[in-house]
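Here the structure is laid out as structure tokens; the discussion comes afterwards.
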Amino acid sequence: MTTPFPFVAAATLTAAQMNAITTLPTSTKTASHTLTIADVSTRVIMNSASATTITVNTSIFGASDVVEILNIGAGVCTVTAGTCTVGSSGTLALVQNAGGTLTFISASASVFRADGVTPAAGGKLLQLVSTAKTDTYSQSVSLTYTDVTGLSVSITPTLATSKVYVSVLLHTANDTASGERGMFRIMRDSTAIGIADTAGSRTRATTGYFSLLNTQMMNMYGMNFLDSPATTSATTYKIQMFNTSGAVQYVNRTSDNADATYTGRVISTITVMEIGA
């Protein structure tokens with residue numbers, strides 16, 4: 001039994017309702033939600049594995065109205081100003097098991113106070129997305145950067161101030177004995193990131209190789225970069241490859257590709273992590 005908030009004039013409460021005076025009515029949402037008058041003096045519980053929002057609009061609530069918000073889902077829930085302003089001295093992005101109270105100071109302004117046990121978003125992992133490329137890929141001579149098919153990942157940051165940490169594990173081999181060069185770079189949509197400074201006509205890359213020895217073995221390359229995308233829109237990170245004349249570059253396989261137990265097949269991965277700032 002819960003108390004019938006909000007009270008109305010001449011309402012008669014039962015004993016059970018009076019005993020439940022400290023028990024807030026609750027509603028559980030599994031997708032983004034725009035607050036309505038039915039949410040006043042209740043606890044809105046968000047439960048979604050994906051990122052969600054609680055949108056606050058004007059001319060719905062009055063001064064002193066309150067709404068409690070609790071996020072129990074794995075996806076970050078962000079309290080978002082629609083037509084009503086939302087002030088806060090802390091974070092509006094609620095990680096799992098975080099919550100707080102939204103208090104209205106007028107019909108068009110509110111203040112969100114995060115619970116004292118709620119960690120600030122800064123420096124916290126808000127979400128992680130990863131792609132594993134388990135098939136193979138080959139690229140003939142290409143003196144321009146080309147996408148490695150299937151080695152990309154998309155993330156939608158919850159905060160425009162967030163950092164995105166990109167971590168890549170790439171396995172490659174080429175089919176020449178020596179004297180070839182290959183380079184790899186990280187892309188954010190159509191922008192190269194984590195690459196070296198301009199130096200004449202040299203190709204800028206995140207990592208690469210110059211083969212002096214027999215390179216028909218597979219080689220492992222790690223790439224890591226802390227990016228500042230400054231957006232809350234869907235963003236794609238991917239890997240591009242560049243190789244010089246005479247070489248065919250392979251991903252996740254050896255160059256001879258013999259069907260034998262001594263020949264391996266491996267995977268490459270790209271992982272992105274949103275870090276609250």
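Within each chain, counting starts at residue 1; across the structure tokens, chains are named A, B, ... in the order shown, with ligands numbered 1 upward in that order.
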
Mind checking which residues fall within 12 Å of A:Thr131, counting only C-alpha atoms, ignoring those fewer than 5 positions away in the same chain, and posting them as an mmCIF file with C-alpha atoms, in the first residue's frame?
```cif
data_model
loop_
_atom_site.group_PDB
_atom_site.id
_atom_site.type_symbol
_atom_site.label_atom_id
_atom_site.label_comp_id
_atom_site.auth_asym_id
_atom_site.auth_seq_id
_atom_site.Cartn_x
_atom_site.Cartn_y
_atom_site.Cartn_z
ATOM 1 C CA THR A 149 36.731 -3.914 -43.232
ATOM 2 C CA GLY A 150 34.964 -4.890 -40.021
ATOM 3 C CA LEU A 151 37.381 -3.177 -37.640
ATOM 4 C CA SER A 152 35.194 -0.310 -36.452
ATOM 5 C CA VAL A 153 33.001 0.514 -33.457
ATOM 6 C CA SER A 154 30.295 3.118 -32.789
ATOM 7 C CA ILE A 155 29.661 4.911 -29.501
ATOM 8 C CA VAL A 166 40.448 4.072 -27.943
ATOM 9 C CA SER A 167 42.340 0.786 -27.631
ATOM 10 C CA VAL A 168 43.267 -1.339 -30.663
ATOM 11 C CA LEU A 169 44.907 -4.738 -31.052
ATOM 12 C CA LEU A 170 45.817 -5.438 -34.680
ATOM 13 C CA THR A 236 32.449 5.773 -35.287
ATOM 14 C CA TYR A 237 36.059 4.830 -34.599
ATOM 15 C CA LYS A 238 37.860 2.653 -37.128
ATOM 16 C CA ILE A 239 41.274 1.553 -38.388
ATOM 17 C CA ILE A 267 41.586 -11.854 -34.075
ATOM 18 C CA SER A 268 41.928 -8.082 -33.990
ATOM 19 C CA THR A 269 39.874 -5.803 -31.724
ATOM 20 C CA ILE A 270 38.910 -2.172 -31.291
ATOM 21 C CA THR A 271 37.491 -1.008 -27.967
ATOM 22 C CA VAL A 272 36.238 2.453 -26.963
#
```

### Task
Between A:Met183, A:Val66, A:Ala74, A:Val56, single out the one closest to A:Leu143, counting only C-alpha atoms.
A:Met183

### DSSP strand (DSSP E or B) residues within stretch 58-140 of chain A, listed as a PyMOL selection string
chain A and resi 66-71+77-81+85-87+93-94+98-106+109-114+125-133+137-139

Selected residues, N, CA and C atoms, written as a CSV table (one decimal), in the first residue's frame, please.
```
chain,number,residue,atom,x,y,z
A,66,VAL,N,8.7,17.9,-6.2
A,66,VAL,CA,9.9,17.1,-6.3
A,66,VAL,C,9.6,15.8,-7.0
A,67,VAL,N,10.6,15.3,-7.6
A,67,VAL,CA,10.6,14.0,-8.3
A,67,VAL,C,11.9,13.3,-8.0
A,68,GLU,N,11.9,12.1,-7.4
A,68,GLU,CA,13.1,11.4,-7.2
A,68,GLU,C,13.4,10.5,-8.4
A,69,ILE,N,14.7,10.4,-8.7
A,69,ILE,CA,15.1,9.6,-9.9
A,69,ILE,C,16.2,8.6,-9.4
A,70,LEU,N,16.1,7.4,-9.8
A,70,LEU,CA,17.0,6.3,-9.5
A,70,LEU,C,17.3,5.5,-10.7
A,71,ASN,N,18.6,5.3,-11.0
A,71,ASN,CA,19.0,4.5,-12.2
A,71,ASN,C,19.5,3.2,-11.7
A,77,CYS,N,21.9,7.1,-17.3
A,77,CYS,CA,20.7,7.9,-17.5
A,77,CYS,C,21.1,9.4,-17.2
A,78,THR,N,20.8,10.2,-18.2
A,78,THR,CA,21.1,11.6,-18.0
A,78,THR,C,19.9,12.5,-17.9
A,79,VAL,N,19.8,13.3,-16.8
A,79,VAL,CA,18.8,14.2,-16.5
A,79,VAL,C,19.0,15.4,-17.5
A,80,THR,N,18.0,15.6,-18.4
A,80,THR,CA,18.2,16.5,-19.5
A,80,THR,C,17.2,17.7,-19.5
A,81,ALA,N,17.6,18.9,-19.6
A,81,ALA,CA,16.7,20.0,-19.7
A,81,ALA,C,16.0,20.0,-21.1
A,85,THR,N,14.8,24.6,-17.3
A,85,THR,CA,16.2,24.6,-16.9
A,85,THR,C,16.4,23.6,-15.8
A,86,VAL,N,17.6,23.0,-15.8
A,86,VAL,CA,17.9,22.0,-14.8
A,86,VAL,C,19.3,22.4,-14.2
A,87,GLY,N,19.4,22.9,-13.0
A,87,GLY,CA,20.6,23.3,-12.4
A,87,GLY,C,21.2,22.2,-11.6
A,93,ALA,N,24.6,13.0,-15.2
A,93,ALA,CA,24.7,11.6,-15.8
A,93,ALA,C,24.7,10.6,-14.6
A,94,LEU,N,23.7,9.8,-14.5
A,94,LEU,CA,23.6,8.8,-13.4
A,94,LEU,C,24.0,7.5,-13.9
A,98,ALA,N,23.0,5.0,-9.2
A,98,ALA,CA,23.0,6.4,-8.8
A,98,ALA,C,21.7,7.0,-8.9
A,99,GLY,N,21.4,8.1,-8.1
A,99,GLY,CA,20.2,8.8,-8.2
A,99,GLY,C,20.2,10.1,-7.5
A,100,GLY,N,19.1,10.7,-7.4
A,100,GLY,CA,19.0,12.0,-6.8
A,100,GLY,C,17.6,12.6,-6.8
A,101,THR,N,17.5,13.8,-6.4
A,101,THR,CA,16.1,14.5,-6.2
A,101,THR,C,16.1,15.7,-7.1
A,102,LEU,N,15.0,15.8,-7.9
A,102,LEU,CA,14.8,17.0,-8.8
A,102,LEU,C,13.8,17.9,-8.1
A,103,THR,N,14.2,19.1,-7.7
A,103,THR,CA,13.3,20.0,-7.0
A,103,THR,C,13.0,21.2,-7.9
A,104,PHE,N,11.7,21.6,-8.0
A,104,PHE,CA,11.4,22.7,-8.8
A,104,PHE,C,11.3,24.0,-8.0
A,105,ILE,N,11.9,25.0,-8.5
A,105,ILE,CA,11.9,26.3,-7.8
A,105,ILE,C,10.9,27.2,-8.5
A,106,SER,N,10.4,26.8,-9.7
A,106,SER,CA,9.3,27.5,-10.4
A,106,SER,C,8.8,26.6,-11.5
A,109,ALA,N,12.0,26.3,-13.9
A,109,ALA,CA,13.4,26.1,-13.4
A,109,ALA,C,13.4,25.0,-12.3
A,110,SER,N,14.4,24.2,-12.3
A,110,SER,CA,14.6,23.1,-11.4
A,110,SER,C,16.0,22.9,-11.0
A,111,VAL,N,16.3,22.2,-9.9
A,111,VAL,CA,17.6,21.9,-9.4
A,111,VAL,C,17.7,20.4,-9.1
A,112,PHE,N,18.7,19.8,-9.7
A,112,PHE,CA,18.9,18.4,-9.4
A,112,PHE,C,20.0,18.2,-8.4
A,113,ARG,N,19.7,17.5,-7.3
A,113,ARG,CA,20.7,17.2,-6.3
A,113,ARG,C,21.0,15.8,-6.2
A,114,ALA,N,22.2,15.4,-6.7
A,114,ALA,CA,22.6,14.0,-6.6
A,114,ALA,C,22.7,13.5,-5.2
A,125,LEU,N,34.3,5.5,-15.6
A,125,LEU,CA,33.9,4.8,-16.9
A,125,LEU,C,32.4,4.8,-17.0
A,126,LEU,N,31.9,5.5,-18.1
A,126,LEU,CA,30.4,5.6,-18.3
A,126,LEU,C,29.9,4.5,-19.2
A,127,GLN,N,30.7,4.2,-20.2
A,127,GLN,CA,30.3,3.0,-21.1
A,127,GLN,C,31.5,2.5,-21.8
A,128,LEU,N,31.3,1.3,-22.3
A,128,LEU,CA,32.4,0.6,-23.0
A,128,LEU,C,31.7,-0.2,-24.2
A,129,VAL,N,32.3,0.0,-25.4
A,129,VAL,CA,31.8,-0.7,-26.6
A,129,VAL,C,33.0,-1.3,-27.3
A,130,SER,N,32.9,-2.6,-27.8
A,130,SER,CA,34.0,-3.2,-28.4
A,130,SER,C,33.6,-4.0,-29.6
A,131,THR,N,34.4,-4.1,-30.6
A,131,THR,CA,34.2,-5.0,-31.8
A,131,THR,C,35.4,-5.9,-31.9
A,132,ALA,N,35.1,-7.2,-32.2
A,132,ALA,CA,36.2,-8.1,-32.5
A,132,ALA,C,36.1,-8.6,-33.9
A,133,LYS,N,37.2,-8.4,-34.7
A,133,LYS,CA,37.2,-8.9,-36.1
A,133,LYS,C,37.8,-10.3,-36.0
A,137,TYR,N,41.3,-10.3,-43.7
A,137,TYR,CA,41.2,-9.2,-44.7
A,137,TYR,C,42.5,-9.1,-45.4
A,138,SER,N,42.5,-8.7,-46.6
A,138,SER,CA,43.7,-8.5,-47.4
A,138,SER,C,43.6,-7.2,-48.2
A,139,GLN,N,44.7,-6.5,-48.3
A,139,GLN,CA,44.8,-5.3,-49.1
A,139,GLN,C,46.0,-5.2,-50.0
```

### Nearest residue to A:Ser89 from the set A:Gly73, A:Ala107, A:Asn243, A:Asp115 (distances using only C-alpha atoms)
A:Asp115

### Task
For A:Tyr145, work out the shell of residues within 9 Å, counting only C-alpha atoms and skipping chain neighbours fewer than 2 positions away, then give it as a PyMOL selection string.
chain A and resi 142-143+147+183-185+240-243

### Task
Identify, on the basis of only C-alpha atoms, every residue whose closest approach to A:Val164 does not exceed 9 Å; exclude the query and any residue fewer than 4 positions from it along the same chain; express the result as a PyMOL selection string.
chain A and resi 157+225-229+272-276

Please produce a file of those selected residues containing C-alpha atoms, as a PDB file, in the first residue's frame.
```pdb
ATOM      1  CA  PRO A 157      28.818   9.730 -25.683  1.00  0.00           C
ATOM      2  CA  PHE A 225      44.643   7.158 -27.797  1.00  0.00           C
ATOM      3  CA  LEU A 226      42.565   9.405 -25.500  1.00  0.00           C
ATOM      4  CA  ASP A 227      40.205  11.375 -27.735  1.00  0.00           C
ATOM      5  CA  SER A 228      37.989  14.408 -27.062  1.00  0.00           C
ATOM      6  CA  PRO A 229      35.110  14.104 -29.546  1.00  0.00           C
ATOM      7  CA  VAL A 272      36.238   2.453 -26.963  1.00  0.00           C
ATOM      8  CA  MET A 273      35.506   3.626 -23.438  1.00  0.00           C
ATOM      9  CA  GLU A 274      33.656   6.821 -22.491  1.00  0.00           C
ATOM     10  CA  ILE A 275      35.319   8.495 -19.510  1.00  0.00           C
ATOM     11  CA  GLY A 276      33.360  11.210 -17.683  1.00  0.00           C
TER      12      GLY A 276
END
```

### Query
From the set A:Met218, A:Val76, A:Leu13, A:Ala51, which residue has the shortest atom-to-atom contact distance to A:Asp256, counting only C-alpha atoms?
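Closest to A:Asp256, using only C-alpha atoms: A:Met218.
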
### Task
Please provide as a list of chain:residue names all residues within 12 Å of A:Val141, with the sequence filter that same-chain residues fewer than 4 positions apart are discarded (counting only C-alpha atoms).
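The residues that qualify are A:Tyr145, A:Thr146, A:Asn174, A:Asp175, A:Thr176, A:Glu180, A:Arg181, A:Gly182, A:Met241, A:Phe242, A:Asn243, A:Thr244, A:Ser245, A:Gly246, A:Ala247, A:Val248, A:Gln249, A:Tyr250.
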
### Query
What's the 9 Å shell around A:Asn57, counting only C-alpha atoms, without same-chain residues fewer than 4 positions away, as JSON, numbers by chain?
{"A": [34, 35, 36, 61, 81, 82, 83, 84, 85, 107, 108]}

Given the selection you just returned, output its residues as a file containing C-alpha atoms, formatted as a short mmCIF file (atom, residue, chain, number, x, y, z; two decimals), in the first residue's frame.
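Writing done, so here's out-v4.cif:
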```
data_model
loop_
_atom_site.label_atom_id
_atom_site.label_comp_id
_atom_site.auth_asym_id
_atom_site.auth_seq_id
_atom_site.Cartn_x
_atom_site.Cartn_y
_atom_site.Cartn_z
CA THR A 34 9.75 12.76 -20.35
CA LEU A 35 8.43 13.72 -16.92
CA THR A 36 4.67 14.34 -16.54
CA PHE A 61 5.40 21.27 -12.17
CA ALA A 81 16.72 20.04 -19.71
CA GLY A 82 13.93 20.16 -22.25
CA THR A 83 12.12 23.49 -22.03
CA CYS A 84 12.74 23.67 -18.26
CA THR A 85 16.17 24.58 -16.93
CA ALA A 107 7.34 26.17 -13.32
CA SER A 108 10.35 26.77 -15.58
#
```
